[in-house]
Amino acid sequence: MKLQSAIRNPQSAIVHVSLDERSYDITIADGALSQTGEIARAALGDKTRRVAIISNPKVHALYGKGVEKSLKQAGFATLTHLIGDGERAKSLRTAERAWGFLIANRFERSDGVIALGGGVVGDLAGFVAATFLRGVNYVQIPTTLLAQIDSSVGGKTAVNHALGKNLIGAFHQPRAVVIDPGALRSLPERELRAGLYEAVKYGVIRDWELFRLIEENLDNINALDPALMSRVIARSCEIKAEVVTADERESGLRRILNFGHTVGHALEAVTAYRRLKHGEAVGYGMKCASTIAEKAGIIPPAEADAIRFGVDKLGSLPRIDDLKTQDVIAAMSHDKKVAQGKLPLILPTKIGSVIVRDDIGPAVIRAAVRELLAARY
Ligand SMILES: NC(=O)c1ccc[n+]([C@@H]2O[C@H](COP(=O)([O-])OP(=O)(O)OC[C@H]3O[C@@H](n4cnc5c(N)ncnc54)[C@H](O)[C@@H]3O)[C@@H](O)[C@H]2O)c1
């Protein structure tokens with residue numbers, strides 16, 4: 001298996017996402033940004049003459065030139081289109097401007113899109129690539145930890161609608177993902193931590209060793225030790241790849257990736273998406289799911305404690321003790337995943353394993369949410 005050999009060189013790894021003709025590799029290596037051209041050429045083929053780099057001003061100022069140079073060395077002509085920074089830029093208006101840019105530059109179906117940035121850039125550029133001329137190839141170059149271990153892998157692309165997040169989108173797999181853990185050195189500490197909650201999530205749903213690796217090495221993770229970061233990123237991507245391979249369009253197993261997300265999304269919604277980073281909301285959501293599982297007798301109390309402690313260990317979360325239990329519960333019932341009035345919850349049975357249950361009584365859920373909101377962090 002490629003990953004095993006790559007892990008012997010502890011600072012790099014390749015994870016393969018196996019989806020028939022939509023398969024691709026995720027390359028994880030310190031300094032990988034300077035290999036973008038080579039990787040993109042191998043993934044896009046010789047027919048691709050031009051690529052459009054979609055990024056935002058902040059990320060482009062840091063890494064745009066290097067990526068462009070590497071692409072040119074691999075024989076691509078490059079165009080650059082910058083979008084605004086932040087979640088508000090993930091809109092149909094931004095997509096429309098990007099489509100306009102590609103049309104004005106006579107972009108062709110054989111040309112490619114390069115998404116350089118965090119999850120906002122990745123989702124928007126992926127959506128543009130999915131829809132322009134009924135779909136052009138694209139390469140993801142994620143530059144936040146959240147994007148490196150989550151949003152760049154799996155082919156979900158989307159923009160937000162005034163009535164809800166990620167409501168307009170398409171499944172469109174990238175041709176390659178290029179991950180440079182070195183790019184995390186410029187990332188604000190809070191953004192790094194927001195991504196770490198998602199790495200903890202992979203540990204809880206699938207791999208207690210990953211959970212323990214993060215718990216026991218937090219100082220080195222915060223110092224961005226290259227070998228350790230490559231391991232955490234590679235294992236997280238591998239888990240996401242496994243799950244996506246088994247269930248590309250989220251009809252079954254892929255739902256386990258939503259562990260911590262039902263309560264997490266509700267907390268984001270009741271705080272108008274302003275107070276919590278997505279990963280932070282997932283941190284709270286994982287704690288609450290562990291409490292629900294404990295109260296429902298699904299997980300032993302000591303194991304639920306270990307998950308809650310693991311989340312707390314990452315650092316303090318923004319306060320939520322002013323929120324009302326009934327508002328959070330109401331927001332949970334608006335979740336996209338509610339089907340026939342039943343809310344499927346992803347609940348841990350132990351660290352490394354989760355189940356989906358839609359039969360948990362409202363009293364248990366209410367009590368767990370109340371406890372979460374009452375606690376002081
Ligand atoms: N498609 C999926 O499967 C999926 C999964 C999870 C999340 N998402 C989406 O991802 C988005 C969140 O992504 P995010 O957390 O990466 O946020 P983001 O893209 O807004 O990036 C966070 C901030 O970090 C900056 N930044 C990015 N890389 C940097 C770097 N290397 N150095 C310094 N600053 C840098 C950005 O400019 C931004 O200000 C949400 O829209 C969410 O819906 C999608």
# chains A, B, ... in the order shown; residues from 1 in each chain; ligands from 1
>>> residues_near_ligand(ligand="ligand 1", cutoff="6 Å", atoms="only C-alpha atoms and all ligand atoms", output="count of residues only")
23
>>> select_by_dssp(residues="range 58-278 of chain A", states="helix (DSSP H, G or I)", output="JSON, numbers by chain")
{"A": [58, 59, 60, 61, 62, 63, 64, 65, 66, 67, 68, 69, 70, 71, 72, 73, 87, 88, 89, 92, 93, 94, 95, 96, 97, 98, 99, 100, 101, 102, 103, 104, 119, 120, 121, 122, 123, 124, 125, 126, 127, 128, 129, 130, 131, 132, 133, 134, 145, 146, 147, 148, 149, 150, 151, 181, 182, 183, 184, 185, 186, 189, 190, 191, 192, 193, 194, 195, 196, 197, 198, 199, 200, 201, 202, 203, 204, 205, 206, 208, 209, 210, 211, 212, 213, 214, 215, 216, 218, 219, 220, 221, 222, 226, 227, 228, 229, 230, 231, 232, 233, 234, 235, 236, 237, 238, 239, 240, 241, 242, 243, 244, 245, 246, 253, 254, 255, 256, 257, 258, 261, 262, 263, 264, 265, 266, 267, 268, 269, 270, 278]}
>>> closest_atom_pairs(of="range 130-219 of chain A", to="range 94-100 of chain A", cutoff="10 Å", atoms="only C-alpha atoms", output="CSV")
residue,atom,partner,partner_atom,distance
A:Thr131,CA,A:Trp99,CA,8.9
A:Phe132,CA,A:Trp99,CA,6.7
A:Leu133,CA,A:Trp99,CA,9.5
A:Ala158,CA,A:Ala95,CA,9.9
A:Val159,CA,A:Ala95,CA,8.0
>>> closest_atom_pairs(of="range 249-337 of chain A", to="range 366-375 of chain A", cutoff="9 Å", atoms="only C-alpha atoms", output="Markdown table")
| residue | atom | partner | partner_atom | distance |
| --- | --- | --- | --- | --- |
| A:Val263 | CA | A:Val369 | CA | 8.2 |
| A:Tyr284 | CA | A:Leu372 | CA | 7.7 |
| A:Lys287 | CA | A:Leu372 | CA | 7.6 |
| A:Cys288 | CA | A:Ala368 | CA | 6.0 |
| A:Ala289 | CA | A:Ala368 | CA | 8.0 |
| A:Ser290 | CA | A:Ala368 | CA | 8.9 |
| A:Thr291 | CA | A:Ala368 | CA | 5.8 |
| A:Ile292 | CA | A:Ala368 | CA | 5.6 |
| A:Lys295 | CA | A:Ala368 | CA | 7.9 |
| A:Arg319 | CA | A:Leu373 | CA | 8.7 |
| A:Ile320 | CA | A:Leu373 | CA | 6.0 |
| A:Asp321 | CA | A:Leu373 | CA | 4.9 |
| A:Asp322 | CA | A:Leu373 | CA | 7.6 |
| A:Leu323 | CA | A:Leu373 | CA | 6.8 |
| A:Lys324 | CA | A:Leu373 | CA | 7.7 |
| A:Thr325 | CA | A:Arg370 | CA | 5.6 |
| A:Gln326 | CA | A:Arg366 | CA | 8.0 |
| A:Val328 | CA | A:Val369 | CA | 7.7 |
| A:Ile329 | CA | A:Arg366 | CA | 7.1 |
>>> residues_around(residues="Arg235 in chain A", least_positions_apart="6", cutoff="10 Å", atoms="only C-alpha atoms", output="list of chain:residue names")
A:Leu3, A:Ile7, A:Ala13, A:Val15, A:Ile149, A:Ala199, A:Tyr202, A:Gly203, A:Asp207, A:Glu209, A:Leu210, A:Met229, A:Ala241
>>> atom_distance(atom1="CA of Met286 in chain A", atom2="CA of Arg255 in chain A")
14.4 Å
>>> residues_around(residues="range 348-359 of chain A", least_positions_apart="5", cutoff="7 Å", atoms="only C-alpha atoms", output="list of chain:residue names")
A:Gly203, A:Val204, A:Ile205, A:Arg206, A:Asp207, A:Trp208, A:Ser290, A:Ala293, A:Ile298, A:Ile299, A:Glu303, A:Lys342, A:Leu343
>>> atom_distance(atom1="CA of Val244 in chain A", atom2="CA of Gly126 in chain A")
16.7 Å
